[in-house]
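Shown next: input-v4.cif, given as mmCIF, C-alpha atoms.
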```cif
data_data
#
loop_
_atom_site.label_atom_id
_atom_site.label_comp_id
_atom_site.auth_asym_id
_atom_site.auth_seq_id
_atom_site.Cartn_x
_atom_site.Cartn_y
_atom_site.Cartn_z
CA MET A 1 5.99 2.93 -11.61
CA THR A 2 4.26 6.29 -11.53
CA SER A 3 0.59 7.16 -11.27
CA GLY A 4 -1.65 9.76 -12.85
CA ASN A 5 -3.16 10.36 -9.41
CA PRO A 6 -1.22 12.99 -7.45
CA TRP A 7 -2.12 11.30 -4.16
CA LEU A 8 -0.40 8.08 -5.24
CA PRO A 9 2.63 9.26 -7.25
CA TYR A 10 4.28 5.84 -7.43
CA GLY A 11 1.16 3.90 -8.33
CA THR A 12 -0.90 1.32 -6.45
CA CYS A 13 0.90 -1.89 -7.52
CA PRO A 14 -2.22 -3.85 -8.52
CA GLU A 15 -0.04 -6.86 -9.35
CA ALA A 16 1.14 -7.25 -5.74
CA GLY A 17 -0.57 -9.50 -3.24
CA MET A 18 -0.99 -6.62 -0.80
CA ARG A 19 -0.77 -2.84 -1.01
CA LEU A 20 0.45 -0.87 2.03
CA LEU A 21 -0.56 2.79 1.75
CA CYS A 22 1.97 4.88 3.70
CA LEU A 23 1.08 8.34 5.02
CA PRO A 24 3.98 10.68 5.93
CA HIS A 25 4.72 12.72 9.02
CA ALA A 26 4.59 16.52 9.22
CA GLY A 27 6.69 18.28 6.60
CA ALA A 28 7.46 15.03 4.76
CA GLY A 29 6.24 13.58 1.48
CA ALA A 30 5.86 10.31 -0.37
CA ALA A 31 9.60 9.96 -0.97
CA THR A 32 10.02 9.27 2.76
CA TYR A 33 8.77 5.73 2.19
CA ARG A 34 10.53 4.91 -1.07
CA ASN A 35 13.63 3.37 0.49
CA TRP A 36 11.91 2.35 3.71
CA GLY A 37 9.33 0.30 1.82
CA GLN A 38 11.95 -1.67 -0.07
CA GLY A 39 12.59 -3.71 3.08
CA LEU A 40 9.12 -5.25 2.98
CA PRO A 41 8.57 -8.75 1.56
CA PRO A 42 7.92 -8.80 -2.21
CA GLU A 43 4.26 -9.69 -1.77
CA ILE A 44 3.67 -6.41 0.12
CA ALA A 45 4.03 -3.28 -2.00
CA ALA A 46 4.61 0.03 -0.21
CA CYS A 47 2.44 2.68 -1.88
CA PRO A 48 3.48 6.12 -0.55
CA VAL A 49 0.73 8.72 -0.23
CA GLN A 50 1.42 12.32 -1.26
CA PRO A 51 -0.73 15.00 0.40
CA PRO A 52 -0.68 18.42 -1.28
CA GLY A 53 1.97 21.02 -0.51
CA ARG A 54 5.11 18.87 -0.86
CA GLU A 55 7.43 17.41 -3.50
CA ARG A 56 5.61 17.30 -6.85
CA ARG A 57 2.57 18.88 -5.19
CA TYR A 58 4.57 21.78 -3.75
CA GLY A 59 2.49 24.39 -5.59
CA GLU A 60 -0.76 23.19 -4.02
CA GLU A 61 -2.14 24.54 -0.76
CA PRO A 62 -1.58 22.05 2.09
CA PHE A 63 -4.51 21.04 4.26
CA ALA A 64 -4.63 22.74 7.67
CA SER A 65 -7.23 20.38 9.17
CA VAL A 66 -7.72 16.66 8.92
CA GLU A 67 -11.38 16.50 7.88
CA PRO A 68 -11.08 17.71 4.25
CA LEU A 69 -7.89 15.70 3.80
CA ALA A 70 -9.63 12.53 4.99
CA LYS A 71 -12.63 13.11 2.73
CA GLU A 72 -10.52 13.60 -0.38
CA LEU A 73 -8.15 10.72 0.34
CA ALA A 74 -11.01 8.35 1.19
CA GLY A 75 -12.50 9.03 -2.24
CA VAL A 76 -9.17 8.36 -3.92
CA ILE A 77 -8.79 5.05 -2.09
CA ALA A 78 -12.34 3.97 -2.91
CA ASP A 79 -11.80 4.73 -6.60
CA SER A 80 -8.17 3.68 -7.11
CA VAL A 81 -6.92 1.06 -4.67
CA ARG A 82 -7.54 -2.63 -5.22
CA ALA A 83 -8.23 -4.90 -2.26
CA PRO A 84 -6.64 -6.25 -0.21
CA TYR A 85 -4.76 -3.28 1.15
CA ALA A 86 -3.51 -1.99 4.49
CA VAL A 87 -2.66 1.51 5.76
CA PHE A 88 0.38 2.76 7.67
CA GLY A 89 0.72 6.27 9.10
CA HIS A 90 3.48 7.89 11.12
CA SER A 91 2.89 10.84 13.47
CA THR A 92 0.55 13.28 11.69
CA GLY A 93 0.17 10.54 9.08
CA ALA A 94 -1.21 8.20 11.75
CA LEU A 95 -3.98 10.64 12.61
CA CYS A 96 -4.73 11.21 8.91
CA ALA A 97 -4.86 7.45 8.33
CA PHE A 98 -7.27 6.97 11.23
CA GLU A 99 -9.67 9.71 10.10
CA THR A 100 -9.47 8.56 6.48
CA LEU A 101 -10.62 5.08 7.51
CA ARG A 102 -13.49 6.53 9.54
CA GLU A 103 -14.47 8.55 6.45
CA LEU A 104 -14.28 5.43 4.27
CA ARG A 105 -16.66 3.73 6.67
CA ARG A 106 -19.08 6.66 6.44
CA ILE A 107 -19.20 6.42 2.64
CA ASP A 108 -19.36 2.60 2.66
CA GLY A 109 -15.96 2.43 0.99
CA PRO A 110 -13.69 -0.61 1.09
CA LEU A 111 -11.84 -0.75 4.41
CA PRO A 112 -8.27 -2.04 4.64
CA VAL A 113 -7.45 -5.32 6.32
CA HIS A 114 -5.21 -3.65 8.91
CA LEU A 115 -4.23 -0.23 10.26
CA PHE A 116 -0.65 0.43 11.42
CA VAL A 117 0.16 3.60 13.36
CA SER A 118 3.35 4.98 14.88
CA GLY A 119 4.72 8.11 16.53
CA ARG A 120 1.32 9.44 17.54
CA CYS A 121 -0.51 9.33 20.85
CA ALA A 122 -4.05 8.00 20.70
CA PRO A 123 -6.52 10.33 18.91
CA GLN A 124 -8.52 11.03 22.06
CA THR A 125 -5.45 12.52 23.77
CA PRO A 126 -5.34 16.33 23.32
CA LEU A 127 -2.08 17.87 22.17
CA THR A 128 -0.33 21.13 23.00
CA ARG A 129 -0.70 23.51 20.07
CA HIS A 130 2.29 25.33 18.56
CA ASP A 131 1.69 28.25 16.18
CA LEU A 132 4.53 27.57 13.75
CA ALA A 133 3.33 30.20 11.30
CA SER A 134 4.09 33.04 13.73
CA MET A 135 7.46 31.73 14.90
CA ASP A 136 10.69 33.28 13.72
CA LEU A 137 13.17 30.86 12.18
CA VAL A 138 15.25 30.53 15.35
CA GLU A 139 12.17 29.55 17.36
CA LEU A 140 11.08 27.16 14.62
CA ALA A 141 14.49 25.48 14.48
CA ASP A 142 14.56 25.14 18.28
CA LEU A 143 11.14 23.47 18.32
CA LEU A 144 12.02 21.05 15.52
CA ARG A 145 15.31 20.23 17.24
CA GLN A 146 13.43 19.39 20.45
CA LEU A 147 11.05 17.11 18.55
CA GLY A 148 13.93 15.37 16.75
CA GLY A 149 14.09 13.86 13.29
CA THR A 150 14.87 16.99 11.27
CA PRO A 151 18.45 16.91 9.92
CA GLU A 152 20.70 19.54 11.48
CA GLU A 153 21.74 20.75 8.02
CA VAL A 154 18.10 21.73 7.41
CA LEU A 155 17.77 23.47 10.77
CA ALA A 156 20.97 25.41 10.11
CA GLU A 157 19.84 26.63 6.67
CA PRO A 158 17.44 29.59 7.13
CA ASP A 159 16.36 29.78 3.48
CA LEU A 160 15.38 26.10 3.42
CA LEU A 161 13.64 26.35 6.76
CA ALA A 162 11.68 29.38 5.53
CA LEU A 163 10.50 27.37 2.51
CA LEU A 164 9.33 24.56 4.77
CA GLN A 165 7.61 26.75 7.36
CA PRO A 166 4.18 27.09 5.66
CA LEU A 167 3.95 23.33 5.12
CA LEU A 168 5.08 22.55 8.65
CA ALA A 169 2.61 25.08 10.06
CA ALA A 170 -0.26 23.47 8.12
CA ASP A 171 0.75 19.92 9.07
CA PHE A 172 1.11 20.81 12.74
CA SER A 173 -2.33 22.43 12.57
CA VAL A 174 -3.75 19.17 11.17
CA ASN A 175 -2.26 17.24 14.07
CA GLN A 176 -2.45 19.60 17.02
CA GLY A 177 -5.72 21.30 16.10
CA TYR A 178 -7.59 17.99 15.85
CA ALA A 179 -10.79 17.66 17.89
CA TYR A 180 -11.63 14.03 18.59
CA THR A 181 -15.22 12.85 18.27
CA VAL A 182 -16.46 9.49 19.53
CA GLU A 183 -17.41 6.89 16.91
CA PRO A 184 -17.60 3.08 17.05
CA PRO A 185 -14.25 1.28 16.87
CA LEU A 186 -12.99 0.11 13.50
CA ALA A 187 -13.79 -3.46 12.53
CA ILE A 188 -10.16 -4.16 11.58
CA PRO A 189 -7.05 -5.00 13.61
CA VAL A 190 -4.76 -2.15 14.67
CA THR A 191 -1.03 -2.38 15.31
CA ALA A 192 0.83 0.49 16.96
CA PHE A 193 4.56 1.20 17.21
CA ALA A 194 6.03 3.42 19.93
CA GLY A 195 9.57 4.68 20.43
CA ILE A 196 10.33 4.21 24.11
CA ASP A 197 12.01 7.63 24.23
CA ASP A 198 9.34 9.46 22.21
CA GLN A 199 8.09 12.03 24.72
CA GLY A 200 4.90 12.73 22.75
CA ALA A 201 4.04 9.12 21.86
CA ASP A 202 5.73 6.69 24.20
CA VAL A 203 4.27 3.29 25.08
CA ALA A 204 1.88 4.67 27.70
CA LEU A 205 0.51 7.34 25.34
CA THR A 206 0.23 4.90 22.43
CA GLU A 207 -1.51 2.04 24.25
CA PRO A 208 -4.95 3.81 24.27
CA TRP A 209 -5.14 3.29 20.49
CA ALA A 210 -6.57 -0.07 21.60
CA ILE A 211 -10.07 1.38 22.00
CA HIS A 212 -10.24 2.13 18.27
CA THR A 213 -10.45 -1.46 17.11
CA ALA A 214 -13.15 -4.08 17.64
CA ARG A 215 -10.57 -6.67 16.59
CA GLU A 216 -7.03 -7.47 17.69
CA PHE A 217 -4.68 -4.78 18.97
CA ALA A 218 -0.89 -5.07 19.15
CA LEU A 219 1.63 -2.60 20.52
CA HIS A 220 5.34 -2.89 19.77
CA ALA A 221 7.91 -0.84 21.70
CA LEU A 222 10.98 0.21 19.72
CA PRO A 223 14.30 1.60 20.93
CA GLY A 224 14.69 5.29 20.15
CA GLY A 225 12.58 8.37 19.82
CA HIS A 226 9.98 9.82 17.49
CA PHE A 227 11.46 8.31 14.33
CA ALA A 228 12.17 4.86 15.74
CA ILE A 229 10.31 3.18 12.87
CA PHE A 230 13.10 4.23 10.52
CA ASP A 231 15.92 3.27 12.88
CA SER A 232 14.28 -0.13 13.53
CA ALA A 233 12.90 -0.62 10.02
CA ALA A 234 13.70 -4.34 9.84
CA ALA A 235 11.78 -5.08 13.04
CA VAL A 236 8.83 -2.95 11.91
CA HIS A 237 8.75 -4.69 8.54
CA ALA A 238 8.76 -8.09 10.25
CA HIS A 239 5.76 -7.14 12.40
CA ILE A 240 3.89 -5.77 9.37
CA ALA A 241 4.66 -8.88 7.31
CA ALA A 242 3.45 -11.19 10.07
CA ALA A 243 0.21 -9.23 10.51
CA LEU A 244 -0.53 -9.19 6.76
CA ALA A 245 0.59 -12.73 5.91
CA PRO A 246 -2.94 -14.21 6.19
CA TYR A 247 -4.18 -11.81 3.50
CA CYS A 248 -1.38 -12.06 0.97
CA GLY A 249 -2.35 -15.33 -0.67
CA ASP A 250 0.11 -17.91 -1.92
#
```

Would you mind giving the structure from this file in structure tokens?
Amino acid sequence: MTSGNPWLPYGTCPEAGMRLLCLPHAGAGAATYRNWGQGLPPEIAACPVQPPGRERRYGEEPFASVEPLAKELAGVIADSVRAPYAVFGHSTGALCAFETLRELRRIDGPLPVHLFVSGRCAPQTPLTRHDLASMDLVELADLLRQLGGTPEEVLAEPDLLALLQPLLAADFSVNQGYAYTVEPPLAIPVTAFAGIDDQGADVALTEPWAIHTAREFALHALPGGHFAIFDSAAAVHAHIAAALAPYCGD
């Protein structure tokens, strides 16, 4: 299924019992979740989110800060997504998901039943900033290699890396340039996933997400690094299914 809305290129699956909106990490697009989402139970439909600047939206300017992204996406959700729904975000996508829900609350939009985050330290934790736009390709490849998750064939291909650099620079700016402001916790449960070897978002750095919910908080440690949710997809899907089961109906 496809959608006329560029933010939701594969549709919103209104026939499903539950929609799980999935926000991608830096440099990635909606296709990241196409295969990953197929492991979810049939009553939960993965609905990948496509920010501008990637895949079919390659010709659009990517956002370089989270605030305008959250405002636009919150409006799309309020207009296009049927309840009940939940939101999942990985890395930069986790921060974007969090701020989008805070924006939905500001505009009295329909909140999801659950927020799932992974690969991102709690929003109140400041990050080291890297100016990817000014790096040469060797420096860029070295940084991405340190962070993990980027295929070596991409890092070894200068032309491809040069094409990705503007998007990566914008996405890193969204994540690392974020300035946290205090607001009341969300009135929905939050579940966080942390790769035990993820230097930027291990269990200790992920646990403070707990302050952002007035409801239940769960933290699941996964073997591996920054992209542990893909390596341990079956376990992640089981936790998501258990958390959403009360909302999926018969």

Selection result for the PyMOL selection byres ((chain A and resi 156-171) around 9) on this file, as a PyMOL selection string = chain A and resi 25-28+53-54+61-65+92+130-134+137-138+140-141+151-155+172-176

task = Quote the spacing between CA of Ile240 in chain A and CA of Pro68 in chain A in Å to one decimal place.
result =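 Result for CA of Ile240 in chain A versus CA of Pro68 in chain A: 28.3 Å, one decimal.
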
remark   = A straight line from CA of Cys248 in chain A to CA of Pro48 in chain A spans 18.9 Å

ask   = Counting all atoms listed in the file, what is within 7 Å of Lys71 in chain A, bar same-chain residues fewer than 3 positions away, as a list of chain:residue names?
value = A:Glu67, A:Pro68, A:Ala74, A:Gly75, A:Thr100, A:Glu103

inquiry  = As a check of understanding, name the residues that the PyMOL selection byres ((chain A and resi 216-225) around 8) selects in the supplied structure, as a ChimeraX atom specification.
reply    = /A:148,188-199,203,206-207,210,213-215,226-229,231-232

ask   = Can you list, as a list in words, the residues that the PyMOL selection byres ((chain A and resi 107) around 12) selects here?
value =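 Applying the PyMOL selection byres ((chain A and resi 107) around 12) to the structure shown produces Ala70, Lys71, Glu72, Ala74, Gly75, Ile77, Ala78, Asp79, Thr100, Leu101, Arg102, Glu103, Leu104, Arg105, Arg106, Asp108, Gly109, Pro110 and Leu111 of chain A.
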
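Closest approach to Arg57 in chain A from the set A:Cys22, A:Ala30, A:Leu144, A:Leu244 is made by A:Ala30, with distances taken over all atoms listed in the file.
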
Could you model N, CA and C atoms for range 183-201 of chain A and present them as a short mmCIF file (atom, residue, chain, number, x, y, z; two decimals), keeping the file's coordinate frame?
```
data_model
loop_
_atom_site.label_atom_id
_atom_site.label_comp_id
_atom_site.auth_asym_id
_atom_site.auth_seq_id
_atom_site.Cartn_x
_atom_site.Cartn_y
_atom_site.Cartn_z
N GLU A 183 -16.72 7.74 17.89
CA GLU A 183 -17.41 6.89 16.91
C GLU A 183 -17.12 5.45 17.29
N PRO A 184 -17.87 4.49 16.75
CA PRO A 184 -17.60 3.08 17.05
C PRO A 184 -16.18 2.70 16.61
N PRO A 185 -15.58 1.72 17.28
CA PRO A 185 -14.25 1.28 16.87
C PRO A 185 -14.27 0.67 15.48
N LEU A 186 -13.12 0.68 14.84
CA LEU A 186 -12.99 0.11 13.50
C LEU A 186 -13.05 -1.41 13.58
N ALA A 187 -13.63 -2.01 12.56
CA ALA A 187 -13.79 -3.46 12.53
C ALA A 187 -12.58 -4.13 11.86
N ILE A 188 -11.40 -3.60 12.12
CA ILE A 188 -10.16 -4.16 11.58
C ILE A 188 -9.11 -4.14 12.68
N PRO A 189 -8.11 -5.02 12.61
CA PRO A 189 -7.05 -5.00 13.61
C PRO A 189 -6.22 -3.71 13.50
N VAL A 190 -5.64 -3.31 14.62
CA VAL A 190 -4.76 -2.15 14.67
C VAL A 190 -3.45 -2.56 15.35
N THR A 191 -2.36 -2.19 14.72
CA THR A 191 -1.03 -2.38 15.31
C THR A 191 -0.38 -1.03 15.48
N ALA A 192 0.18 -0.78 16.66
CA ALA A 192 0.83 0.49 16.96
C ALA A 192 2.30 0.26 17.30
N PHE A 193 3.13 1.21 16.90
CA PHE A 193 4.56 1.20 17.21
C PHE A 193 4.87 2.45 18.02
N ALA A 194 5.69 2.28 19.07
CA ALA A 194 6.03 3.42 19.93
C ALA A 194 7.52 3.41 20.23
N GLY A 195 8.19 4.53 20.00
CA GLY A 195 9.57 4.68 20.43
C GLY A 195 9.59 4.90 21.94
N ILE A 196 10.37 4.14 22.65
CA ILE A 196 10.33 4.21 24.11
C ILE A 196 10.79 5.57 24.64
N ASP A 197 11.54 6.31 23.82
CA ASP A 197 12.01 7.63 24.23
C ASP A 197 11.26 8.77 23.53
N ASP A 198 10.15 8.44 22.89
CA ASP A 198 9.34 9.46 22.21
C ASP A 198 8.45 10.14 23.25
N GLN A 199 8.80 11.36 23.63
CA GLN A 199 8.09 12.03 24.72
C GLN A 199 6.62 12.26 24.40
N GLY A 200 6.29 12.45 23.12
CA GLY A 200 4.90 12.73 22.75
C GLY A 200 4.11 11.50 22.40
N ALA A 201 4.76 10.34 22.27
CA ALA A 201 4.04 9.12 21.86
C ALA A 201 4.80 7.89 22.34
#
```
